[in-house]
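What's in entry_32.txt: compact mmCIF, C-alpha atoms
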```txt
# COMPACT_ATOMS: atom_id res chain seq x y z
CA MET A 1 120.97 6.88 -78.46
CA PRO A 2 122.42 8.45 -75.32
CA PRO A 3 125.29 6.73 -73.52
CA ALA A 4 124.43 4.54 -70.54
CA LYS A 5 123.43 6.33 -67.33
CA THR A 6 126.62 5.43 -65.51
CA THR A 7 128.76 7.02 -68.18
CA LEU A 8 126.46 10.04 -68.42
CA GLU A 9 127.38 10.88 -64.88
CA SER A 10 131.04 11.08 -65.79
CA ASP A 11 132.99 13.18 -68.27
CA SER A 12 131.31 11.48 -71.19
CA ARG A 13 128.16 13.40 -70.31
CA GLU A 14 129.98 16.55 -71.30
CA ALA A 15 131.29 14.97 -74.48
CA TYR A 16 127.83 13.69 -75.40
CA PHE A 17 126.32 17.10 -74.65
CA LEU A 18 128.86 18.86 -76.86
CA GLU A 19 128.23 16.36 -79.62
CA ILE A 20 124.46 16.82 -79.68
CA VAL A 21 124.74 20.59 -79.32
CA GLU A 22 127.15 20.72 -82.24
CA LYS A 23 124.92 18.51 -84.39
CA ASN A 24 121.85 20.59 -83.57
CA ARG A 25 123.48 23.99 -83.42
CA GLN A 26 121.44 25.36 -86.32
CA LEU A 27 118.18 24.15 -84.80
CA ILE A 28 118.93 25.71 -81.40
CA SER A 29 119.98 29.00 -82.97
CA LYS A 30 116.88 29.10 -85.18
CA VAL A 31 114.54 28.76 -82.23
CA CYS A 32 116.39 31.35 -80.15
CA TYR A 33 116.57 33.74 -83.09
CA MET A 34 112.84 33.35 -83.67
CA TYR A 35 112.04 34.45 -80.11
CA ALA A 36 114.82 36.98 -79.54
CA THR A 37 114.18 40.69 -79.64
CA ASP A 38 117.82 41.80 -79.84
CA GLY A 39 121.36 40.50 -79.56
CA GLU A 40 121.42 40.48 -75.79
CA HIS A 41 118.10 38.68 -75.61
CA PHE A 42 119.35 36.14 -78.17
CA ASN A 43 122.39 35.42 -76.01
CA ASP A 44 120.25 35.11 -72.89
CA LEU A 45 117.87 32.69 -74.57
CA HIS A 46 120.75 30.69 -76.03
CA GLN A 47 122.40 30.41 -72.63
CA GLU A 48 119.14 29.44 -70.94
CA VAL A 49 118.48 26.77 -73.56
CA MET A 50 122.00 25.40 -73.07
CA ALA A 51 121.49 25.28 -69.30
CA ASN A 52 118.20 23.43 -69.70
CA LEU A 53 119.72 21.00 -72.19
CA TRP A 54 122.62 20.34 -69.86
CA GLN A 55 120.33 19.78 -66.91
CA GLY A 56 117.98 17.56 -68.88
CA ILE A 57 120.51 15.45 -70.72
CA GLY A 58 121.00 13.07 -67.81
CA LYS A 59 117.30 12.21 -67.93
CA PHE A 60 117.07 11.74 -71.68
CA ARG A 61 116.40 8.06 -72.33
CA GLY A 62 116.04 8.11 -76.08
CA ASP A 63 112.25 7.61 -76.03
CA SER A 64 111.90 10.20 -78.75
CA LYS A 65 114.26 11.48 -81.42
CA ILE A 66 117.02 13.68 -80.06
CA SER A 67 115.92 16.53 -82.33
CA THR A 68 112.36 16.29 -80.94
CA TRP A 69 113.71 16.44 -77.40
CA ILE A 70 115.88 19.43 -78.29
CA TYR A 71 112.92 21.15 -79.93
CA ARG A 72 110.88 20.55 -76.82
CA ILE A 73 113.50 22.09 -74.53
CA CYS A 74 114.24 25.02 -76.85
CA LEU A 75 110.60 25.95 -77.36
CA ASN A 76 109.63 25.45 -73.73
CA THR A 77 112.55 27.62 -72.66
CA CYS A 78 111.94 30.40 -75.18
CA VAL A 79 108.17 30.57 -74.79
CA THR A 80 108.20 30.55 -71.01
CA TYR A 81 111.26 32.77 -70.65
CA PHE A 82 110.48 35.83 -68.62
CA ARG A 83 113.35 36.30 -66.21
CA ARG A 84 114.91 39.58 -67.18
CA HIS A 85 112.92 40.42 -70.26
CA ASN A 86 109.17 40.62 -70.21
CA ARG A 87 109.28 40.54 -73.96
CA TYR A 88 106.60 38.79 -75.86
CA ASP A 89 106.86 40.97 -78.92
CA GLY A 90 108.97 39.79 -81.76
CA LEU A 91 112.32 40.68 -83.19
CA ARG A 92 112.74 44.43 -83.11
CA VAL A 93 116.42 44.74 -83.87
CA PRO A 94 117.70 42.55 -86.74
CA LEU A 95 120.78 40.62 -85.72
CA ASP A 96 122.97 41.49 -88.68
CA GLY A 97 125.62 38.98 -89.55
CA VAL A 98 124.11 36.18 -87.50
CA ILE A 99 122.46 34.50 -90.48
CA GLU A 100 123.94 33.72 -93.88
CA ILE A 101 122.81 31.71 -96.86
CA PRO A 102 125.69 30.13 -98.76
CA GLY A 103 125.82 31.25 -102.40
CA ASP A 104 123.16 33.89 -101.98
CA ASP A 105 123.49 37.34 -103.58
CA GLY A 106 121.46 38.91 -100.79
CA THR A 107 117.99 38.43 -102.28
CA ARG A 108 117.09 35.32 -100.35
CA LEU A 109 118.57 36.73 -97.18
CA ALA A 110 116.40 39.84 -97.57
CA GLN A 111 113.37 37.60 -98.05
CA LEU A 112 114.34 35.66 -94.98
CA HIS A 113 114.68 38.83 -92.91
CA GLU A 114 111.26 39.92 -94.11
CA MET A 115 109.84 36.56 -93.13
CA TYR A 116 111.39 36.81 -89.68
CA ARG A 117 109.85 40.24 -89.34
CA LEU A 118 106.41 38.90 -90.24
CA ILE A 119 106.80 35.90 -87.97
CA SER A 120 107.81 38.21 -85.15
CA THR A 121 104.27 39.58 -85.17
CA LEU A 122 102.85 36.14 -84.33
CA GLN A 123 102.03 34.83 -80.88
CA PRO A 124 104.68 32.59 -79.22
CA MET A 125 102.68 29.39 -79.82
CA GLU A 126 102.07 30.34 -83.45
CA LYS A 127 105.80 30.93 -83.85
CA ALA A 128 106.50 27.45 -82.50
CA LEU A 129 104.09 25.91 -85.02
CA ILE A 130 105.39 27.79 -88.05
CA LEU A 131 108.99 27.19 -87.02
CA MET A 132 108.52 23.43 -86.92
CA TRP A 133 106.56 23.51 -90.17
CA LEU A 134 109.34 25.47 -91.88
CA ASP A 135 111.77 22.86 -90.58
CA GLU A 136 109.62 20.24 -92.33
CA ARG A 137 108.72 18.40 -89.16
CA PRO A 138 105.81 15.97 -89.45
CA TYR A 139 102.48 17.03 -87.95
CA ASP A 140 102.66 14.21 -85.42
CA GLU A 141 105.95 15.52 -84.08
CA ILE A 142 104.61 19.09 -83.95
CA ALA A 143 101.59 17.79 -82.05
CA GLU A 144 103.85 15.91 -79.63
CA VAL A 145 106.03 18.91 -78.90
CA THR A 146 103.22 21.46 -78.58
CA GLY A 147 100.66 19.24 -76.84
CA MET A 148 97.98 19.93 -79.44
CA SER A 149 96.03 17.39 -81.43
CA ARG A 150 97.21 16.64 -84.95
CA ASN A 151 94.04 18.16 -86.41
CA ASN A 152 94.43 21.26 -84.31
CA VAL A 153 98.02 21.62 -85.55
CA ALA A 154 96.86 21.38 -89.16
CA THR A 155 94.07 23.91 -88.66
CA ARG A 156 96.26 26.34 -86.78
CA LEU A 157 99.03 26.07 -89.36
CA ARG A 158 96.64 26.78 -92.20
CA ARG A 159 95.46 29.94 -90.42
CA ILE A 160 98.98 31.05 -89.60
CA LYS A 161 100.09 30.66 -93.22
CA GLN A 162 97.07 32.68 -94.38
CA LYS A 163 97.89 35.32 -91.79
CA LEU A 164 101.51 35.52 -92.94
CA ILE A 165 100.57 35.79 -96.60
CA LYS A 166 98.07 38.52 -95.78
CA LYS A 167 100.60 40.44 -93.71
CA GLY A 168 103.17 40.02 -96.49
CA GLN A 169 100.80 41.60 -99.01
CA GLU A 170 100.06 44.63 -96.83
CA MET B 1 105.92 41.61 -100.54
CA ALA B 2 104.32 38.67 -102.30
CA MET B 3 105.10 35.65 -100.18
CA ASP B 4 105.78 32.27 -101.63
CA LEU B 5 105.96 30.17 -98.53
CA ASP B 6 107.48 27.18 -100.27
CA GLU B 7 110.25 29.31 -101.74
CA LEU B 8 110.83 30.82 -98.32
CA LYS B 9 110.95 27.35 -96.86
CA GLN B 10 113.92 26.61 -99.12
CA SER B 11 115.68 29.78 -97.96
CA TRP B 12 114.82 28.85 -94.39
CA ASN B 13 116.48 25.49 -94.72
CA SER B 14 119.59 26.98 -96.34
CA GLN B 15 120.24 29.54 -93.62
CA ARG B 16 123.31 29.12 -91.47
CA PHE B 17 123.85 30.75 -88.11
CA ASN B 18 127.18 32.25 -87.15
CA VAL B 19 127.10 31.58 -83.46
CA PRO B 20 130.22 30.89 -81.39
CA GLN B 21 130.88 27.35 -80.29
CA ILE B 22 129.89 26.60 -76.76
CA ASP B 23 132.61 26.80 -74.17
CA PRO B 24 132.82 23.45 -72.32
CA ALA B 25 133.71 25.24 -69.08
CA SER B 26 130.46 27.19 -69.20
CA ILE B 27 128.48 23.95 -69.34
CA ARG B 28 129.59 22.96 -65.85
CA ARG B 29 128.48 26.35 -64.59
CA ALA B 30 125.15 26.06 -66.37
CA ASN B 31 122.26 26.61 -64.07
CA ALA B 32 118.83 26.90 -65.64
CA PHE B 33 116.20 29.30 -64.43
CA SER B 34 113.80 26.59 -63.22
CA GLY B 35 116.65 25.07 -61.20
CA GLN B 36 117.62 28.44 -59.74
CA LEU B 37 114.01 29.15 -58.95
CA ALA B 38 113.62 25.88 -57.06
CA VAL B 39 116.78 26.62 -55.05
CA ARG B 40 115.56 30.13 -54.25
CA TYR B 41 112.18 28.85 -53.08
CA ARG B 42 113.80 26.17 -50.96
CA THR B 43 116.12 28.76 -49.38
CA CYS B 44 113.23 31.18 -48.73
CA ALA B 45 111.07 28.44 -47.24
CA LEU B 46 113.86 27.30 -44.93
CA LEU B 47 114.83 30.84 -43.94
CA SER B 48 111.21 31.71 -43.10
CA LEU B 49 111.05 28.59 -40.95
CA ILE B 50 114.39 29.17 -39.24
CA ALA B 51 113.60 32.86 -38.68
CA VAL B 52 110.73 31.97 -36.34
CA GLY B 53 113.15 31.25 -33.46
CA PRO B 54 115.27 34.43 -33.62
CA LEU B 55 112.18 36.57 -34.32
CA THR B 56 110.44 35.20 -31.24
CA PHE B 57 113.54 36.02 -29.21
CA CYS B 58 113.71 39.57 -30.65
CA ALA B 59 109.97 40.08 -30.10
CA ARG B 60 110.37 39.18 -26.45
CA GLN B 61 113.39 41.51 -26.15
CA LEU B 62 111.41 44.38 -27.72
CA ASP B 63 108.48 43.74 -25.38
CA PHE B 64 106.04 42.78 -28.11
CA PRO B 65 102.62 41.87 -26.75
CA LEU B 66 102.00 38.12 -26.78
CA TRP B 67 99.38 38.31 -29.55
CA MET B 68 101.85 40.15 -31.79
CA THR B 69 104.55 37.55 -31.18
CA ILE B 70 102.13 34.74 -32.02
CA TYR B 71 100.93 36.62 -35.10
CA LEU B 72 104.54 37.14 -36.26
CA CYS B 73 105.39 33.44 -35.86
CA ALA B 74 102.16 32.33 -37.56
CA PHE B 75 102.86 34.72 -40.43
CA MET B 76 106.39 33.41 -40.94
CA LEU B 77 105.18 29.79 -40.80
CA ALA B 78 102.42 30.52 -43.31
CA MET B 79 104.88 32.19 -45.70
CA SER B 80 107.21 29.24 -45.32
CA ALA B 81 104.38 26.83 -46.19
CA ILE B 82 103.33 28.85 -49.24
CA THR B 83 106.94 29.12 -50.47
CA SER B 84 107.42 25.36 -49.96
CA PHE B 85 104.46 24.78 -52.26
CA GLU B 86 106.08 27.03 -54.87
CA TRP B 87 109.29 25.07 -54.46
CA HIS B 88 107.29 21.90 -55.13
CA LEU B 89 105.77 23.46 -58.29
CA ALA B 90 109.12 24.77 -59.55
CA SER B 91 110.92 21.47 -58.99
CA ARG B 92 108.27 19.66 -61.06
CA ILE B 93 109.01 21.75 -64.15
CA ASP B 94 110.87 19.53 -66.60
CA PHE B 95 111.18 21.03 -70.05
CA GLY B 96 112.56 17.78 -71.43
CA ILE B 97 109.31 15.92 -70.74
CA MET B 98 106.59 18.55 -70.89
CA ASN B 99 104.96 19.65 -74.08
CA LEU B 100 104.67 23.35 -74.79
CA THR B 101 101.10 23.66 -73.53
CA ASP B 102 101.93 21.90 -70.25
CA ALA B 103 105.07 23.99 -69.80
CA LEU B 104 103.09 27.19 -70.29
CA ARG B 105 100.45 25.93 -67.88
CA SER B 106 103.08 25.09 -65.22
CA VAL B 107 104.81 28.43 -65.51
CA TYR B 108 101.46 30.20 -65.47
CA ARG B 109 100.48 28.31 -62.32
CA LEU B 110 103.79 29.18 -60.71
CA ARG B 111 103.41 32.86 -61.49
CA LYS B 112 99.85 32.78 -60.21
CA GLN B 113 101.09 31.21 -57.00
CA MET B 114 103.78 33.89 -56.71
CA ASN B 115 101.11 36.58 -57.03
CA MET B 116 99.01 34.87 -54.39
CA ARG B 117 101.99 34.76 -52.05
CA LEU B 118 102.55 38.45 -52.62
CA LEU B 119 98.93 39.24 -51.85
CA ALA B 120 99.00 37.00 -48.78
CA GLY B 121 102.19 38.74 -47.70
CA ILE B 122 100.62 42.18 -48.09
CA ALA B 123 97.34 41.17 -46.47
CA GLY B 124 99.02 39.44 -43.54
CA GLY B 125 102.04 41.68 -43.21
CA THR B 126 100.40 45.11 -43.35
CA PRO B 127 98.46 44.82 -40.06
CA LEU B 128 101.59 43.37 -38.46
CA ILE B 129 103.77 46.26 -39.66
CA ILE B 130 101.19 48.83 -38.50
CA ALA B 131 100.96 47.16 -35.11
CA MET B 132 104.75 47.05 -34.83
CA LEU B 133 105.05 50.75 -35.76
CA ILE B 134 102.49 51.70 -33.14
CA HIS B 135 104.34 49.56 -30.61
CA TYR B 136 107.70 51.17 -31.51
CA PHE B 137 106.15 54.63 -31.22
CA HIS B 138 104.82 53.98 -27.75
CA ARG B 139 107.92 52.14 -26.65
CA PHE B 140 110.80 54.06 -28.33
CA GLY B 141 109.46 57.38 -29.69
CA THR B 142 109.15 59.02 -33.13
CA GLU B 143 112.64 58.43 -34.60
CA LEU B 144 112.20 54.70 -35.03
CA LEU B 145 108.65 55.27 -36.21
CA VAL B 146 109.83 57.51 -39.09
CA ALA B 147 112.54 55.03 -40.10
CA GLY B 148 110.08 52.14 -39.95
CA GLY B 149 107.47 54.10 -41.89
CA ALA B 150 109.97 54.97 -44.65
CA GLY B 151 110.98 51.32 -44.89
CA ALA B 152 107.37 50.24 -45.13
CA VAL B 153 106.63 52.75 -47.93
CA ALA B 154 109.73 51.67 -49.90
CA GLY B 155 108.77 48.02 -49.49
CA ALA B 156 105.22 48.73 -50.61
CA ILE B 157 106.42 50.52 -53.79
CA ILE B 158 108.71 47.62 -54.70
CA GLY B 159 105.97 45.10 -53.94
CA VAL B 160 103.32 46.87 -56.00
CA ASN B 161 105.69 47.29 -58.94
CA HIS B 162 106.57 43.59 -58.76
CA ALA B 163 102.90 42.62 -58.58
CA LEU B 164 102.00 44.78 -61.57
CA THR B 165 104.78 43.26 -63.67
CA ASN B 166 103.71 39.76 -62.70
CA ARG B 167 100.15 40.59 -63.52
CA ARG B 168 101.10 41.84 -66.98
CA ILE B 169 103.08 38.70 -67.73
CA LEU B 170 100.32 36.53 -66.35
CA SER B 171 97.67 38.05 -68.56
CA LYS B 172 99.87 37.53 -71.62
CA MET B 173 100.54 33.93 -70.66
CA GLN B 174 96.87 33.36 -69.92
CA ALA B 175 95.93 34.68 -73.36
CA GLU B 176 98.56 32.45 -74.92
CA LEU B 177 97.29 29.39 -73.04
CA ASN B 178 93.68 30.06 -73.97
CA ASP B 179 94.79 30.35 -77.56
CA ALA B 180 96.84 27.15 -77.42
CA THR B 181 94.15 25.03 -75.84
CA SER B 182 91.29 26.23 -78.02
CA THR B 183 89.87 23.44 -80.17
CA ASP B 184 87.73 25.42 -82.55
CA GLU B 185 88.37 23.23 -85.52
```
Let me see the file written as structure tokens.
Amino acid sequence: MPPAKTTLESDSREAYFLEIVEKNRQLISKVCYMYATDGEHFNDLHQEVMANLWQGIGKFRGDSKISTWIYRICLNTCVTYFRRHNRYDGLRVPLDGVIEIPGDDGTRLAQLHEMYRLISTLQPMEKALILMWLDERPYDEIAEVTGMSRNNVATRLRRIKQKLIKKGQE
Amino acid sequence: MAMDLDELKQSWNSQRFNVPQIDPASIRRANAFSGQLAVRYRTCALLSLIAVGPLTFCARQLDFPLWMTIYLCAFMLAMSAITSFEWHLASRIDFGIMNLTDALRSVYRLRKQMNMRLLAGIAGGTPLIIAMLIHYFHRFGTELLVAGGAGAVAGAIIGVNHALTNRRILSKMQAELNDATSTDE
């Protein structure tokens, strides 16, 4: 739960912000990475997400899980981001060294890169759905964040998975 | 590549990102795009409103005909009103509350409004600029006419380029929205 409003307006707001950002660092990076086209774009998205989180944290009342709220802000920011980059295509330049898998000999990382490449061909909303599915979020939460019905989420996810498998076999 | 999505899911959940820790000082400077946009709209709306007074004074000093002075003031007031509406739209964007479909819809509406303002600006401003150039020509000669004409052409190029970019983004966002809101289950 967030600290009381009075304390949020003081220095503890910053401390609370840093705490939730640190706890959800992987989640934030994943979303930005999914929508970034290169290193500069990744940094821009990351910064924009941080700014939106900082601005929104004072209004967060704990009605939903903090991770759901962070997902909402990250996805809304990344999907609607069009300030300096009119980029709706996916990752073109792999961001080497940004991702690692502990204990991996490189095989799983290569698979992961390939998956990112395939996902980069999807539409922004499809990316949001597959990202939350990969993160093992329940359908209800995906529906809440995207604004779709639960059934629509399930149908769309099934199609996206088929699309990814097909693209992977090409 | 044969894809085993469940296997990939495991890799997905094991990945770790090497991103630098956030600098606390940068947080205080953080200013999100939607916030900046709202501030810019508010500033533009206020400037358009405030400009009416000095512009009326200048128009009188440059011997503008009365109809042109009234047109100029009406144009500035109309632009101020349109920009105020955009300010209202931008200040309502709250990514912490909106779902993705609503956020897309809001941004789409904002961009659409921006395009409309641009069109209104061109439609309303072009006759005014032409009338002003003719007035300058009759009143001050060709030198000011050439300078004014060059300025008008440069402005038109920038405006058209801006409109085309907006249009491209809008069509992509529109396609995305149509896709998101389809219920063909």
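Nearest residue to Met125 of chain A, choosing from A:Leu18, A:Leu27, A:Cys32, A:Leu157 and counting only C-alpha atoms: A:Leu157.
For the set A:Asp140, A:Asp44, A:Glu22, A:Asp105, the residue with the smallest atom-to-atom gap to chain B is A:Glu22, counting all atoms listed in the file.
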Please, which residues in chain A fall within 7 Å of chain B when counting only C-alpha atoms, and what is the closest atom pair and distance in Å to one decimal for each, ordered by chain then residue number, as JSON lines?
```
{"residue": "A:Gln26", "atom": "CA", "partner": "B:Phe17", "partner_atom": "CA", "distance": 6.2}
{"residue": "A:Ser29", "atom": "CA", "partner": "B:Phe17", "partner_atom": "CA", "distance": 6.7}
{"residue": "A:Glu48", "atom": "CA", "partner": "B:Ala32", "partner_atom": "CA", "distance": 5.9}
{"residue": "A:Ala51", "atom": "CA", "partner": "B:Ala30", "partner_atom": "CA", "distance": 4.8}
{"residue": "A:Asn52", "atom": "CA", "partner": "B:Ala32", "partner_atom": "CA", "distance": 5.4}
{"residue": "A:Trp54", "atom": "CA", "partner": "B:Ile27", "partner_atom": "CA", "distance": 6.9}
{"residue": "A:Gly56", "atom": "CA", "partner": "B:Gly96", "partner_atom": "CA", "distance": 6.0}
{"residue": "A:Trp69", "atom": "CA", "partner": "B:Gly96", "partner_atom": "CA", "distance": 6.2}
{"residue": "A:Arg72", "atom": "CA", "partner": "B:Gly96", "partner_atom": "CA", "distance": 6.3}
{"residue": "A:Ile73", "atom": "CA", "partner": "B:Phe95", "partner_atom": "CA", "distance": 5.2}
{"residue": "A:Leu75", "atom": "CA", "partner": "B:Leu100", "partner_atom": "CA", "distance": 7.0}
{"residue": "A:Asn76", "atom": "CA", "partner": "B:Leu100", "partner_atom": "CA", "distance": 5.5}
{"residue": "A:Thr80", "atom": "CA", "partner": "B:Leu104", "partner_atom": "CA", "distance": 6.2}
{"residue": "A:Asn86", "atom": "CA", "partner": "B:Ile169", "partner_atom": "CA", "distance": 6.9}
{"residue": "A:Val98", "atom": "CA", "partner": "B:Asn18", "partner_atom": "CA", "distance": 5.0}
{"residue": "A:Ile99", "atom": "CA", "partner": "B:Phe17", "partner_atom": "CA", "distance": 4.6}
{"residue": "A:Glu100", "atom": "CA", "partner": "B:Arg16", "partner_atom": "CA", "distance": 5.2}
{"residue": "A:Ile101", "atom": "CA", "partner": "B:Gln15", "partner_atom": "CA", "distance": 4.7}
{"residue": "A:Arg108", "atom": "CA", "partner": "B:Ser11", "partner_atom": "CA", "distance": 6.2}
{"residue": "A:Leu112", "atom": "CA", "partner": "B:Ser11", "partner_atom": "CA", "distance": 6.7}
{"residue": "A:Met125", "atom": "CA", "partner": "B:Ala180", "partner_atom": "CA", "distance": 6.7}
{"residue": "A:Leu134", "atom": "CA", "partner": "B:Lys9", "partner_atom": "CA", "distance": 5.6}
{"residue": "A:Asp135", "atom": "CA", "partner": "B:Asn13", "partner_atom": "CA", "distance": 6.8}
{"residue": "A:Glu144", "atom": "CA", "partner": "B:Asn99", "partner_atom": "CA", "distance": 6.8}
{"residue": "A:Val145", "atom": "CA", "partner": "B:Asn99", "partner_atom": "CA", "distance": 5.0}
{"residue": "A:Thr146", "atom": "CA", "partner": "B:Leu100", "partner_atom": "CA", "distance": 4.5}
{"residue": "A:Gly147", "atom": "CA", "partner": "B:Asn99", "partner_atom": "CA", "distance": 5.1}
{"residue": "A:Asn152", "atom": "CA", "partner": "B:Glu185", "partner_atom": "CA", "distance": 6.5}
{"residue": "A:Thr155", "atom": "CA", "partner": "B:Glu185", "partner_atom": "CA", "distance": 6.5}
{"residue": "A:Ile165", "atom": "CA", "partner": "B:Met3", "partner_atom": "CA", "distance": 5.8}
{"residue": "A:Gly168", "atom": "CA", "partner": "B:Met1", "partner_atom": "CA", "distance": 5.1}
{"residue": "A:Gln169", "atom": "CA", "partner": "B:Met1", "partner_atom": "CA", "distance": 5.3}
```
Please report the interatomic distance between atom CA of Ala81 of chain B and atom CA of Ser48 of chain B in Å with one decimal. 8.9 Å
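In this structure, atom CA of Lys167 of chain A sits 9.3 Å away from atom CA of Thr121 of chain A.
The interatomic distance for the pair atom CA of Ile130 of chain A and atom CA of Ala143 of chain A works out to 12.3 Å.
With distances restricted to only C-alpha atoms, A:Gly97 is the closest residue to Leu109 of chain A from A:Gly58, A:Pro124, A:Gly39, A:Gly97.
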Polymer residues at most 12 Å from Arg139 of chain B, all atoms listed in the file, same-chain spacing of 4 or more positions, as a PyMOL selection string: chain B and resi 61-65+132-135+143-145
Same residues, C-alpha atoms, output as an mmCIF file, keeping the file's coordinate frame:
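That gives us selection.cif:
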```cif
data_model
loop_
_atom_site.group_PDB
_atom_site.id
_atom_site.type_symbol
_atom_site.label_atom_id
_atom_site.label_comp_id
_atom_site.auth_asym_id
_atom_site.auth_seq_id
_atom_site.Cartn_x
_atom_site.Cartn_y
_atom_site.Cartn_z
ATOM 1 C CA GLN B 61 113.390 41.510 -26.150
ATOM 2 C CA LEU B 62 111.410 44.380 -27.720
ATOM 3 C CA ASP B 63 108.480 43.740 -25.380
ATOM 4 C CA PHE B 64 106.040 42.780 -28.110
ATOM 5 C CA PRO B 65 102.620 41.870 -26.750
ATOM 6 C CA MET B 132 104.750 47.050 -34.830
ATOM 7 C CA LEU B 133 105.050 50.750 -35.760
ATOM 8 C CA ILE B 134 102.490 51.700 -33.140
ATOM 9 C CA HIS B 135 104.340 49.560 -30.610
ATOM 10 C CA GLU B 143 112.640 58.430 -34.600
ATOM 11 C CA LEU B 144 112.200 54.700 -35.030
ATOM 12 C CA LEU B 145 108.650 55.270 -36.210
#
```
Could you pull the residues within 10 Å of Leu122 of chain A, counting all atoms listed in the file, minus those fewer than 2 positions along the same chain, as a short mmCIF file (atom, residue, chain, number, x, y, z; two decimals) with C-alpha atoms, keeping the file's coordinate frame?
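Saved file out_11.cif follows:
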```cif
data_model
loop_
_atom_site.label_atom_id
_atom_site.label_comp_id
_atom_site.auth_asym_id
_atom_site.auth_seq_id
_atom_site.Cartn_x
_atom_site.Cartn_y
_atom_site.Cartn_z
CA TYR A 88 106.60 38.79 -75.86
CA ASP A 89 106.86 40.97 -78.92
CA GLY A 90 108.97 39.79 -81.76
CA ARG A 117 109.85 40.24 -89.34
CA LEU A 118 106.41 38.90 -90.24
CA ILE A 119 106.80 35.90 -87.97
CA SER A 120 107.81 38.21 -85.15
CA PRO A 124 104.68 32.59 -79.22
CA MET A 125 102.68 29.39 -79.82
CA GLU A 126 102.07 30.34 -83.45
CA LYS A 127 105.80 30.93 -83.85
CA ALA A 128 106.50 27.45 -82.50
CA ILE A 130 105.39 27.79 -88.05
CA ILE A 160 98.98 31.05 -89.60
CA LYS A 163 97.89 35.32 -91.79
CA LEU A 164 101.51 35.52 -92.94
#
```
Axis-aligned box for segment 85-88 of chain B, 8 Å per side, centre and edges in Å as JSON:
```
{"center_x": 106.9, "center_y": 24.5, "center_z": -53.7, "size_x": 20.8, "size_y": 21.1, "size_z": 18.9}
```
Please provide as number ranges by chain all residues within 12 Å of segment 148-164 of chain B, with the sequence filter that same-chain residues fewer than 2 positions apart are discarded (counting only C-alpha atoms). A: 86; B: 111-123, 125-137, 140-146, 166-171
